[in-house]
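Participant: I am sharing coords_22.txt, which consists of compact mmCIF, C-alpha atoms:
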# COMPACT_ATOMS: atom_id res chain seq x y z
CA MET A 22 102.63 76.75 81.82
CA THR A 23 103.00 73.95 84.33
CA LEU A 24 103.31 74.02 88.07
CA SER A 25 106.99 73.15 87.82
CA THR A 26 107.74 76.12 85.56
CA ILE A 27 105.89 78.45 87.92
CA ARG A 28 107.89 77.01 90.78
CA ALA A 29 111.13 77.44 88.83
CA ALA A 30 110.24 81.07 88.07
CA LEU A 31 109.39 81.82 91.71
CA GLU A 32 112.57 80.11 92.90
CA TYR A 33 114.61 82.20 90.52
CA ILE A 34 112.89 85.47 91.46
CA GLY A 35 113.27 84.62 95.15
CA GLY A 36 116.97 83.87 94.71
CA GLU A 37 116.70 80.17 95.47
CA CYS A 38 118.36 79.20 92.21
CA ASP A 39 120.62 81.07 89.80
CA VAL A 40 119.38 79.70 86.50
CA ALA A 41 116.36 81.39 84.98
CA PRO A 42 113.64 79.22 83.43
CA ALA A 43 113.67 79.28 79.66
CA PHE A 44 110.43 81.24 79.24
CA LEU A 45 111.64 84.27 81.22
CA PRO A 46 113.32 87.00 79.14
CA GLY A 47 117.02 86.92 79.85
CA ARG A 48 118.33 90.48 79.65
CA SER A 49 115.47 92.36 81.32
CA LEU A 50 114.86 89.79 84.02
CA TRP A 51 116.37 91.93 86.75
CA ILE A 52 113.58 94.45 86.22
CA ILE A 53 111.00 91.75 86.90
CA ARG A 54 112.86 90.65 90.04
CA CYS A 55 113.08 94.23 91.18
CA THR A 56 109.39 94.86 90.56
CA VAL A 57 108.33 91.75 92.44
CA TRP A 58 110.36 92.66 95.50
CA ILE A 59 109.41 96.32 95.60
CA VAL A 60 105.73 95.47 95.25
CA ALA A 61 106.07 92.88 98.02
CA ILE A 62 107.85 95.34 100.32
CA LEU A 63 105.29 98.07 99.68
CA LEU A 64 102.34 95.77 100.24
CA ILE A 65 103.79 94.52 103.51
CA TYR A 66 104.51 98.06 104.63
CA ALA A 67 101.14 99.40 103.52
CA PHE A 68 99.17 96.84 105.48
CA SER A 69 101.37 96.40 108.53
CA GLY A 70 99.85 97.92 111.65
CA GLN A 71 96.23 97.42 110.62
CA THR A 72 95.10 96.24 114.00
CA SER A 73 92.26 98.60 114.86
CA LYS A 74 88.65 97.62 114.34
CA PHE A 75 87.11 99.50 111.47
CA ILE A 76 83.89 101.37 111.99
CA TYR A 77 83.95 103.80 109.12
CA ILE A 78 85.02 102.70 105.68
CA ASP A 79 84.23 105.94 103.86
CA PHE A 80 87.69 107.44 104.04
CA MET B 15 126.14 81.38 93.76
CA ASN B 16 127.04 83.89 91.05
CA ALA B 17 127.58 87.54 91.93
CA ARG B 18 125.00 89.83 90.34
CA PRO B 19 125.47 93.57 89.73
CA LEU B 20 123.80 95.60 92.48
CA LEU B 21 123.52 99.03 90.90
CA PRO B 22 120.78 98.38 88.29
CA PRO B 23 118.33 96.88 90.79
CA VAL B 24 118.96 99.74 93.24
CA ILE B 25 118.33 102.35 90.55
CA ALA B 26 115.22 100.51 89.36
CA THR B 27 113.98 100.28 92.97
CA LEU B 28 114.42 104.01 93.50
CA LEU B 29 112.64 104.77 90.23
CA LEU B 30 109.77 102.49 91.20
CA LEU B 31 109.52 104.16 94.60
CA LEU B 32 109.44 107.56 92.94
CA ALA B 33 106.71 106.40 90.58
CA MET B 34 104.77 105.03 93.54
CA GLN B 35 105.17 108.35 95.37
CA LEU B 36 103.75 110.24 92.41
CA ALA B 37 100.92 107.76 91.96
CA VAL B 38 99.92 107.86 95.64
CA GLY B 39 100.12 111.67 95.65
CA ALA B 40 97.74 111.80 92.67
CA TRP B 41 95.47 109.14 94.24
CA SER B 42 95.16 111.19 97.46
CA ARG B 43 93.16 113.76 95.47
CA ARG B 44 90.34 111.24 95.31
CA LEU B 45 90.08 110.89 99.10
CA PRO B 46 87.00 112.31 100.89
CA TYR B 47 89.00 114.85 102.91
CA PHE B 48 90.42 116.34 99.70
CA HIS B 49 86.94 116.65 98.21
CA LYS B 50 85.78 118.33 101.42
CA LEU B 51 88.59 120.90 101.28
CA GLU B 52 87.84 121.58 97.63
CA ALA B 53 84.12 121.95 98.40
CA ILE B 54 84.95 124.46 101.12
CA ARG B 55 87.23 126.41 98.79
CA GLY B 56 84.68 126.46 95.97
CA ALA B 57 81.61 127.45 98.03
CA GLN B 58 79.80 130.57 96.81
CA ASN B 59 79.32 133.30 99.43
CA PRO B 60 78.32 131.12 102.40
CA ASN B 61 77.32 132.86 105.64
CA LEU B 62 76.48 129.84 107.82
CA LEU B 63 79.23 127.37 108.68
CA PHE B 64 78.50 123.85 109.92
CA VAL B 65 81.22 122.13 111.94
CA GLY B 66 81.19 118.57 113.18
CA ASN B 67 81.67 114.92 112.39
CA SER B 68 79.67 112.32 110.46
CA LEU B 69 76.45 113.34 112.22
CA LEU B 70 76.53 116.46 110.02
CA ASP B 71 78.74 115.40 107.11
CA THR B 72 76.44 115.17 104.03
CA ARG B 73 73.46 115.72 106.36
CA VAL B 74 73.22 119.46 105.89
CA ASP B 75 70.57 119.91 103.23
CA ALA B 76 71.45 123.30 101.73
CA PRO B 77 68.22 123.78 99.70
CA ALA B 78 66.12 122.97 102.79
CA ILE B 79 68.03 125.51 104.90
CA GLU B 80 67.84 128.18 102.22
CA ALA B 81 64.10 127.57 101.77
CA ALA B 82 63.48 127.62 105.53
CA SER B 83 65.41 130.85 105.97
CA SER B 84 63.71 132.72 103.14
CA HIS B 85 61.38 134.44 105.66
CA GLY B 86 64.19 136.09 107.60
CA LEU B 87 67.98 136.18 107.51
CA HIS B 88 68.83 134.39 104.25
CA LEU B 89 71.25 131.60 105.09
CA VAL B 90 73.73 130.07 102.67
CA PRO B 91 75.24 127.05 104.44
CA LEU B 92 78.70 125.58 104.10
CA ASP B 93 79.12 122.06 105.50
CA SER B 94 82.69 121.68 106.78
CA ALA B 95 81.75 118.63 108.85
CA LEU B 96 83.72 115.50 108.01
CA GLY B 97 83.05 111.94 109.14
CA ALA B 98 85.39 110.17 111.55
CA THR B 99 87.09 113.37 112.68
CA GLU B 100 87.93 114.66 116.15
CA PRO B 101 87.77 118.23 117.49
CA PRO B 102 91.37 119.15 116.40
CA ASP B 103 90.59 118.08 112.81
CA GLN B 104 87.35 120.04 112.93
CA LEU B 105 89.31 123.07 114.13
CA LEU B 106 91.52 122.78 111.04
CA LEU B 107 88.43 122.63 108.81
CA PHE B 108 86.95 125.62 110.66
CA ASN B 109 90.17 127.60 110.18
CA TYR B 110 90.30 126.76 106.50
CA SER B 111 86.61 127.65 106.01
CA THR B 112 86.93 131.02 107.71
CA GLN B 113 90.12 131.81 105.79
CA CYS B 114 88.43 131.01 102.48
CA HIS B 115 85.19 132.80 103.42
CA PRO B 116 85.80 135.65 105.85
CA GLY B 117 82.19 136.82 105.50
CA MET B 118 80.75 133.98 107.57
CA ARG B 119 78.19 135.32 110.07
CA MET B 120 77.14 132.24 111.98
CA MET B 121 78.50 128.81 112.89
CA VAL B 122 76.70 125.68 114.00
CA LEU B 123 78.58 122.98 115.88
CA GLY B 124 76.77 119.63 115.92
CA ILE B 125 77.56 117.44 118.92
CA TYR B 126 76.42 114.24 120.61
CA ASP B 127 77.11 112.70 124.01
CA PHE B 128 80.30 114.19 125.51
CA GLN B 129 81.93 115.38 122.29
CA LEU B 130 81.92 119.03 123.43
CA THR B 131 83.70 118.42 126.71
CA ALA B 132 85.88 115.32 126.24
CA PRO B 133 89.61 116.12 126.28
CA ASN B 134 91.82 115.69 123.21
CA HIS B 135 94.47 112.97 123.09
CA PRO B 136 96.12 113.70 119.74
CA ARG B 137 98.87 111.41 118.50
CA LEU B 138 100.56 111.41 115.14
CA SER B 139 99.65 107.77 114.62
CA ASP B 140 95.96 108.70 114.89
CA LEU B 141 96.07 110.76 111.71
CA THR B 142 94.55 108.01 109.62
CA GLY B 143 91.44 107.79 107.46
CA ASN B 144 89.78 111.19 107.09
CA ARG B 145 92.01 112.53 109.86
CA VAL B 146 94.88 112.46 107.39
CA LEU B 147 93.59 115.85 106.21
CA ALA B 148 96.29 117.44 108.38
CA ILE B 149 98.82 116.16 105.84
CA ASP B 150 97.43 118.54 103.24
CA ARG B 151 99.91 121.29 102.45
CA ARG B 152 97.22 123.95 102.81
CA PHE B 153 97.87 123.78 106.55
CA PRO B 154 101.20 125.23 107.72
CA VAL B 155 103.23 122.99 110.01
CA SER B 156 103.08 125.68 112.72
CA GLU B 157 99.28 125.49 112.64
CA ILE B 158 99.31 121.69 112.79
CA ALA B 159 101.71 121.76 115.74
CA ALA B 160 99.50 124.25 117.59
CA VAL B 161 96.24 122.43 116.87
CA TYR B 162 97.52 118.94 117.75
CA GLY B 163 100.05 120.01 120.38
CA PHE B 164 102.93 118.20 118.66
CA ASP B 165 106.42 118.52 120.14
CA ARG B 166 109.54 119.05 118.00
CA PHE B 167 110.12 115.35 117.44
CA GLU B 168 106.53 114.83 116.32
CA GLN B 169 106.75 117.88 114.09
CA ALA B 170 109.85 116.43 112.39
CA GLU B 171 108.07 113.10 111.98
CA PHE B 172 105.03 114.89 110.60
CA GLU B 173 107.12 116.79 108.05
CA ALA B 174 108.73 113.53 106.94
CA MET B 175 105.25 112.03 106.47
CA ARG B 176 104.22 115.01 104.41
CA MET B 177 107.20 114.57 102.11
CA LEU B 178 106.44 110.90 101.58
CA PRO B 179 102.87 110.35 100.39
CA VAL B 180 103.42 106.58 100.45
CA VAL B 181 103.90 106.82 104.19
CA ALA B 182 101.20 109.41 104.87
CA TYR B 183 98.40 107.76 102.94
CA ARG B 184 99.20 104.11 103.51
CA THR B 185 96.41 103.71 106.04
CA ASN B 186 93.83 104.95 103.55
CA ALA B 187 94.50 101.81 101.52
CA TRP B 188 93.44 99.67 104.51
CA LYS B 189 89.87 100.41 103.52
CA TYR B 190 90.23 98.13 100.51
CA THR B 191 91.61 95.30 102.62
CA GLU B 192 88.72 95.73 105.03
CA LEU B 193 86.18 95.70 102.20
CA LEU B 194 87.77 92.53 100.82
CA ARG B 195 87.78 90.96 104.28
CA ARG B 196 84.10 91.80 104.76
CA LYS B 197 83.21 90.49 101.32
CA MET B 198 84.99 87.21 101.96
CA GLY B 199 83.59 86.98 105.51
CA SER B 200 80.04 87.40 104.23
CA MET B 201 80.22 84.43 101.85
CA GLY B 202 77.50 81.99 102.83
CA MET B 203 76.54 84.11 105.84
CA PRO B 204 73.32 86.05 106.55
CA VAL B 205 73.23 89.56 105.08
CA VAL B 206 74.62 92.17 107.50
CA ALA B 207 72.91 95.57 107.49
CA SER B 208 75.19 98.29 106.21
CA ASN B 209 75.02 101.89 105.03
CA SER B 210 77.29 104.22 103.07
CA MET B 211 79.69 104.53 106.01
CA GLY B 212 80.03 100.93 107.12
CA GLN B 213 78.20 98.15 108.94
CA VAL B 214 75.25 99.36 111.00
CA ASN B 215 76.09 97.40 114.14
CA ASP B 216 79.67 98.67 114.19
CA PHE B 217 78.44 102.17 114.99
CA ALA B 218 77.30 100.97 118.40
CA ALA B 219 81.01 101.13 119.25
CA LEU B 220 80.76 104.94 119.08
CA GLU B 221 78.33 104.93 121.97
CA ALA B 222 79.36 104.55 125.62
CA ASN B 223 80.25 100.98 126.61
CA SER B 224 77.68 101.01 129.39
CA VAL B 225 75.34 103.35 131.23
CA GLU B 226 77.82 103.31 134.13
CA ASP B 227 80.55 104.54 131.78
CA PHE B 228 78.18 107.18 130.41
CA ASP B 229 77.32 108.38 133.92
CA ALA B 230 81.00 108.44 134.85
CA GLN B 231 81.74 110.77 131.93
CA ALA B 232 78.90 113.06 132.99
CA ARG B 233 80.18 113.09 136.57
CA ALA B 234 83.72 113.85 135.42
CA PHE B 235 82.48 116.94 133.61
CA LEU B 236 80.27 118.08 136.48
CA ALA B 237 83.27 117.85 138.79
CA ASN B 238 85.44 119.87 136.40
CA PRO B 239 83.26 121.77 133.93
CA THR B 240 85.55 122.67 131.04
CA LEU B 241 85.09 122.57 127.29
CA ASN B 242 87.26 120.69 124.86
CA LYS B 243 90.34 122.81 124.07
CA SER B 244 89.88 122.70 120.30
CA TYR B 245 86.30 123.88 120.60
CA GLU B 246 87.36 126.59 123.09
CA SER B 247 89.84 127.84 120.51
CA MET B 248 87.24 127.63 117.74
CA PHE B 249 84.69 129.61 119.77
CA SER B 250 87.23 132.31 120.63
CA GLN B 251 88.21 132.74 116.99
CA ALA B 252 84.59 132.77 115.84
CA GLN B 253 83.60 135.38 118.40
CA SER B 254 86.62 137.54 117.60
CA THR B 255 85.33 137.81 114.03
CA GLY B 256 81.77 138.54 115.12
CA MET B 257 80.28 135.15 114.26
CA LYS B 258 77.22 133.99 116.14
CA ILE B 259 77.75 130.49 117.59
CA ILE B 260 75.09 127.85 117.99
CA VAL B 261 75.76 124.44 119.49
CA VAL B 262 73.24 121.82 118.38
CA VAL B 263 72.76 118.59 120.30
CA MET B 264 72.15 116.39 117.28
CA PRO B 265 69.07 114.21 116.86
CA MET B 266 69.61 110.75 118.31
CA SER B 267 67.79 107.52 117.69
CA PRO B 268 65.05 106.51 120.16
CA SER B 269 67.20 103.62 121.39
CA HIS B 270 70.14 105.94 122.13
CA ARG B 271 67.88 108.42 123.91
CA GLN B 272 66.17 105.74 125.99
CA THR B 273 69.48 104.17 126.97
CA PHE B 274 71.50 107.32 127.64
CA TYR B 275 69.63 110.62 127.31
CA ASP B 276 66.77 109.66 129.62
CA ARG B 277 69.24 109.28 132.48
CA PRO B 278 69.15 111.99 135.18
CA LEU B 279 72.88 112.60 134.85
CA TRP B 280 72.49 113.52 131.17
CA SER B 281 69.96 116.22 132.15
CA GLN B 282 72.39 117.53 134.76
CA TYR B 283 75.26 117.43 132.28
CA LEU B 284 73.30 119.23 129.57
CA SER B 285 72.10 121.91 131.99
CA ALA B 286 75.68 122.53 133.10
CA VAL B 287 76.90 122.68 129.49
CA LYS B 288 74.15 125.12 128.57
CA ALA B 289 75.04 127.34 131.54
CA LEU B 290 78.73 127.25 130.59
CA LEU B 291 78.00 128.13 126.97
CA GLN B 292 75.49 130.82 127.81
CA GLN B 293 78.14 132.54 129.93
CA ARG B 294 80.12 132.79 126.70
CA GLY B 295 77.13 134.05 124.72
CA ILE B 296 76.69 130.77 122.86
CA GLN B 297 73.20 129.51 122.07
CA VAL B 298 72.33 125.83 122.55
CA ILE B 299 69.62 124.03 120.58
CA ASP B 300 68.72 120.62 121.95
CA ALA B 301 67.58 118.70 118.87
CA GLY B 302 68.18 115.34 120.53
CA ASN B 303 64.52 114.34 120.30
CA TRP B 304 63.61 115.96 116.99
CA MET B 305 63.44 112.63 115.17
CA PRO B 306 60.97 110.33 116.96
CA SER B 307 61.28 107.17 114.90
CA GLN B 308 64.02 104.59 114.52
CA GLU B 309 63.21 104.75 110.79
CA ASP B 310 64.74 108.23 110.77
CA PHE B 311 68.18 106.71 111.38
CA VAL B 312 70.41 104.55 109.22
CA ASP B 313 72.25 103.15 112.28
CA HIS B 314 72.51 103.92 116.01
CA LEU B 315 73.50 107.54 115.45
CA HIS B 316 73.18 108.85 111.91
CA MET B 317 70.05 110.37 110.38
CA SER B 318 68.60 109.06 107.14
CA PRO B 319 68.60 111.43 104.13
CA SER B 320 64.90 112.28 104.57
CA ALA B 321 65.38 112.92 108.30
CA ALA B 322 68.41 115.09 107.50
CA ARG B 323 66.21 117.16 105.17
CA THR B 324 63.59 117.62 107.90
CA PHE B 325 66.28 118.47 110.44
CA SER B 326 67.89 121.01 108.09
CA PHE B 327 64.58 122.74 107.40
CA ARG B 328 63.65 122.97 111.08
CA LEU B 329 67.10 124.17 112.08
CA GLY B 330 67.21 126.69 109.20
CA TRP B 331 63.84 128.05 110.30
CA GLN B 332 65.07 128.55 113.88
CA LEU B 333 68.39 130.07 112.86
CA ALA B 334 66.72 132.54 110.56
CA GLY B 335 64.61 133.83 113.41
CA GLY B 336 61.56 131.57 113.31
CA SER B 337 60.04 130.42 116.57
Transcribe the structure of this file into structure tokens.
Facilitator:
Amino acid sequence: MTLSTIRAALEYIGGECDVAPAFLPGRSLWIIRCTVWIVAILLIYAFSGQTSKFIYIDF
Amino acid sequence: MNARPLLPPVIATLLLLLAMQLAVGAWSRRLPYFHKLEAIRGAQNPNLLFVGNSLLDTRVDAPAIEAASSHGLHLVPLDSALGATEPPDQLLLFNYSTQCHPGMRMMVLGIYDFQLTAPNHPRLSDLTGNRVLAIDRRFPVSEIAAVYGFDRFEQAEFEAMRMLPVVAYRTNAWKYTELLRRKMGSMGMPVVASNSMGQVNDFAALEANSVEDFDAQARAFLANPTLNKSYESMFSQAQSTGMKIIVVVMPMSPSHRQTFYDRPLWSQYLSAVKALLQQRGIQVIDAGNWMPSQEDFVDHLHMSPSAARTFSFRLGWQLAGGS
């Protein structure tokens, strides 16, 4: 896998281009796109607001 | 740009969210507060309840207390203390303990500095880390609202949090980010002393910012001598069920004592607190200087395991009627 194919895959998942790279499975690709975005949203939500200084870490 | 069907991604998103909800709900059973609640529920015939924060959490040595009390009243301790909790959270743990074990005869509240008399400032956003225990469905919403003083809007928000584990427990995942941050920050740097709870130097933040600040807190109490509302409620409930109450000023490190407890205002504060508690029939044990060495502490405040064993034995001896 080259850098350009990774870039093409990311551009497709991100909606930058409409044509999927050849190595991505065609019919179930929407599941991958969905997974990527939901994971991204959840990660952003989970870690937003972490501004306080930690003292304890055993929680 | 080509139009793409919207429905499949929306359905897949909802399914993924549902899966995440279930996964986070299951993961929450591994959190320390959940283990504490289960330990309370599963305790066998305890008659001595310990209440407090990390100064007592895992520092009540049950075999030492049982051995020390073998000469008199046989004590079977239950440690409901949980690290990084505030008085309202400790009141919840007290309530749960006494509901599970109505035969409790004695309670010990471990305190330091102004914990017993500082006012509560509960906010829903503060229910993070171990304080997220309020989310547990064992506690009715009416009890949570009374303990934390939540208004209707906060109650509605709280109920929404309870229905969505992803929302309620999201802050507990911050621990892993913090651990990663510390690991990356330590690369190529000198080793930083740490213990099971965190970095040793960080616990200095739990002490007063300055001696002036410490004195100001003592003066504030002396001007208006009242107990923390959660502890007031806890004491009333304990006494209504015939429990004997003992407040223990927890052992502090020599550096903490020299900086803060050797000050005249601390003596005045402690005398006033003792007088206030004795009016209510509550015994006070000042164990502040029981541990003479800095080696007895793993940071500025917390006893080492061997010191905790010594403390437990000595306290058990006194509670059971020893001199």
Participant: Name the residues in contact with Ala53 of chain B at a cut-off of 10 Å, using all atoms listed in the file, excluding same-chain residues fewer than 4 positions from it; report them as a ChimeraX atom specification.
Facilitator: /B:47-49,57-58,92-94,111
Participant: Axis-aligned box over every listed atom of segment 48-55 of chain B, padded by 5 Å per side: centre and edges in Å to one decimal, as lines of an AutoDock Vina configuration file?
Facilitator:
center_x = 87.3
center_y = 121.4
center_z = 99.5
size_x = 16.3
size_y = 20.1
size_z = 13.8
Participant: Counting all atoms listed in the file, which residues in chain A sit no more than 9 Å from chain B? For each one, give the nearest pair of atoms and the distance in Å, sorted by chain then residue number, as JSON lines.
Facilitator:
{"residue": "A:Cys38", "atom": "CA", "partner": "B:Met15", "partner_atom": "CA", "distance": 8.2}
{"residue": "A:Asp39", "atom": "CA", "partner": "B:Met15", "partner_atom": "CA", "distance": 6.8}
{"residue": "A:Trp51", "atom": "CA", "partner": "B:Pro23", "partner_atom": "CA", "distance": 6.7}
{"residue": "A:Ile52", "atom": "CA", "partner": "B:Ala26", "partner_atom": "CA", "distance": 7.0}
{"residue": "A:Arg54", "atom": "CA", "partner": "B:Pro23", "partner_atom": "CA", "distance": 8.3}
{"residue": "A:Cys55", "atom": "CA", "partner": "B:Pro23", "partner_atom": "CA", "distance": 5.9}
{"residue": "A:Thr56", "atom": "CA", "partner": "B:Thr27", "partner_atom": "CA", "distance": 7.5}
{"residue": "A:Trp58", "atom": "CA", "partner": "B:Thr27", "partner_atom": "CA", "distance": 8.8}
{"residue": "A:Ile59", "atom": "CA", "partner": "B:Thr27", "partner_atom": "CA", "distance": 6.6}
{"residue": "A:Leu63", "atom": "CA", "partner": "B:Val180", "partner_atom": "CA", "distance": 8.7}
{"residue": "A:Tyr66", "atom": "CA", "partner": "B:Arg184", "partner_atom": "CA", "distance": 8.1}
{"residue": "A:Ala67", "atom": "CA", "partner": "B:Arg184", "partner_atom": "CA", "distance": 5.1}
{"residue": "A:Phe68", "atom": "CA", "partner": "B:Trp188", "partner_atom": "CA", "distance": 6.5}
{"residue": "A:Gly70", "atom": "CA", "partner": "B:Thr185", "partner_atom": "CA", "distance": 8.8}
{"residue": "A:Gln71", "atom": "CA", "partner": "B:Trp188", "partner_atom": "CA", "distance": 7.1}
{"residue": "A:Phe75", "atom": "CA", "partner": "B:Glu192", "partner_atom": "CA", "distance": 7.6}
{"residue": "A:Ile76", "atom": "CA", "partner": "B:Asp216", "partner_atom": "CA", "distance": 5.5}
{"residue": "A:Tyr77", "atom": "CA", "partner": "B:Gly212", "partner_atom": "CA", "distance": 5.3}
{"residue": "A:Ile78", "atom": "CA", "partner": "B:Gly212", "partner_atom": "CA", "distance": 5.5}
{"residue": "A:Asp79", "atom": "CA", "partner": "B:Met211", "partner_atom": "CA", "distance": 5.2}
{"residue": "A:Phe80", "atom": "CA", "partner": "B:Gly143", "partner_atom": "CA", "distance": 5.1}
Participant: From the set B:His115, B:Arg73, B:Lys258, B:His270, which residue has the shortest atom-to-atom contact distance to Ile296 of chain B, counting only C-alpha atoms?
Facilitator: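 Closest to Ile296 of chain B, using only C-alpha atoms: B:Lys258.
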Participant: Excluding Asp227 of chain B and any residue of its chain fewer than 5 positions from it, enumerate the residues within 12 Å of it, using all atoms listed in the file, and give them as a CSV table (one decimal) with C-alpha atoms, in the coordinates of the input.
Facilitator:
chain,number,residue,atom,x,y,z
B,127,ASP,CA,77.1,112.7,124.0
B,128,PHE,CA,80.3,114.2,125.5
B,221,GLU,CA,78.3,104.9,122.0
B,222,ALA,CA,79.4,104.6,125.6
B,232,ALA,CA,78.9,113.1,133.0
B,233,ARG,CA,80.2,113.1,136.6
B,234,ALA,CA,83.7,113.8,135.4
B,274,PHE,CA,71.5,107.3,127.6
B,279,LEU,CA,72.9,112.6,134.8
Participant: Just how far from atom CA of Gln169 of chain B is atom CA of Tyr245 of chain B, in Å to one decimal?
Facilitator: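 Here the two named atoms are 22.3 Å from each other.
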Participant: Which value, in Å to one decimal, gives the distance between atom CA of Ile65 of chain A and atom CA of Ala148 of chain B?
Facilitator: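 Value for the atom CA of Ile65 of chain A-atom CA of Ala148 of chain B distance: 24.6 Å.
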Participant: Return the single residue from B:Leu194, B:Met266, B:Met317, B:Ile149 that is closest to Leu178 of chain B, with distances computed using all atoms listed in the file.
Facilitator: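 Ranked by minimum distance to Leu178 of chain B, first place goes to B:Ile149.
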Participant: How would segment 114-147 of chain B look written as a PDB file, in the first residue's frame with C-alpha atoms?
Facilitator:
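In the end it all went to out_33.pdb:
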ATOM      1  CA  CYS B 114     -27.259  -3.529  53.074  1.00  0.00           C
ATOM      2  CA  HIS B 115     -26.136  -4.099  56.673  1.00  0.00           C
ATOM      3  CA  PRO B 116     -28.636  -2.737  59.180  1.00  0.00           C
ATOM      4  CA  GLY B 117     -26.752  -4.356  62.062  1.00  0.00           C
ATOM      5  CA  MET B 118     -23.889  -1.861  61.993  1.00  0.00           C
ATOM      6  CA  ARG B 119     -23.035  -0.702  65.533  1.00  0.00           C
ATOM      7  CA  MET B 120     -20.292   1.823  64.982  1.00  0.00           C
ATOM      8  CA  MET B 121     -19.031   4.172  62.278  1.00  0.00           C
ATOM      9  CA  VAL B 122     -15.649   5.803  61.828  1.00  0.00           C
ATOM     10  CA  LEU B 123     -15.310   8.906  59.678  1.00  0.00           C
ATOM     11  CA  GLY B 124     -11.717   9.634  58.651  1.00  0.00           C
ATOM     12  CA  ILE B 125     -10.980  13.304  57.991  1.00  0.00           C
ATOM     13  CA  TYR B 126      -8.080  15.654  57.329  1.00  0.00           C
ATOM     14  CA  ASP B 127      -7.723  19.437  57.323  1.00  0.00           C
ATOM     15  CA  PHE B 128     -11.168  21.075  56.924  1.00  0.00           C
ATOM     16  CA  GLN B 129     -12.995  18.158  55.319  1.00  0.00           C
ATOM     17  CA  LEU B 130     -15.508  17.931  58.185  1.00  0.00           C
ATOM     18  CA  THR B 131     -16.578  21.556  58.053  1.00  0.00           C
ATOM     19  CA  ALA B 132     -16.071  22.737  54.461  1.00  0.00           C
ATOM     20  CA  PRO B 133     -19.363  23.433  52.652  1.00  0.00           C
ATOM     21  CA  ASN B 134     -20.530  21.355  49.685  1.00  0.00           C
ATOM     22  CA  HIS B 135     -20.636  22.840  46.193  1.00  0.00           C
ATOM     23  CA  PRO B 136     -22.166  19.970  44.214  1.00  0.00           C
ATOM     24  CA  ARG B 137     -22.583  20.326  40.466  1.00  0.00           C
ATOM     25  CA  LEU B 138     -23.644  17.703  37.989  1.00  0.00           C
ATOM     26  CA  SER B 139     -20.487  18.260  35.964  1.00  0.00           C
ATOM     27  CA  ASP B 140     -18.412  17.265  39.006  1.00  0.00           C
ATOM     28  CA  LEU B 141     -19.716  13.703  38.942  1.00  0.00           C
ATOM     29  CA  THR B 142     -16.629  12.373  37.220  1.00  0.00           C
ATOM     30  CA  GLY B 143     -14.080   9.720  38.119  1.00  0.00           C
ATOM     31  CA  ASN B 144     -15.128   7.802  41.232  1.00  0.00           C
ATOM     32  CA  ARG B 145     -17.827  10.402  41.868  1.00  0.00           C
ATOM     33  CA  VAL B 146     -19.754   8.909  38.979  1.00  0.00           C
ATOM     34  CA  LEU B 147     -21.032   6.355  41.507  1.00  0.00           C
TER      35      LEU B 147
END
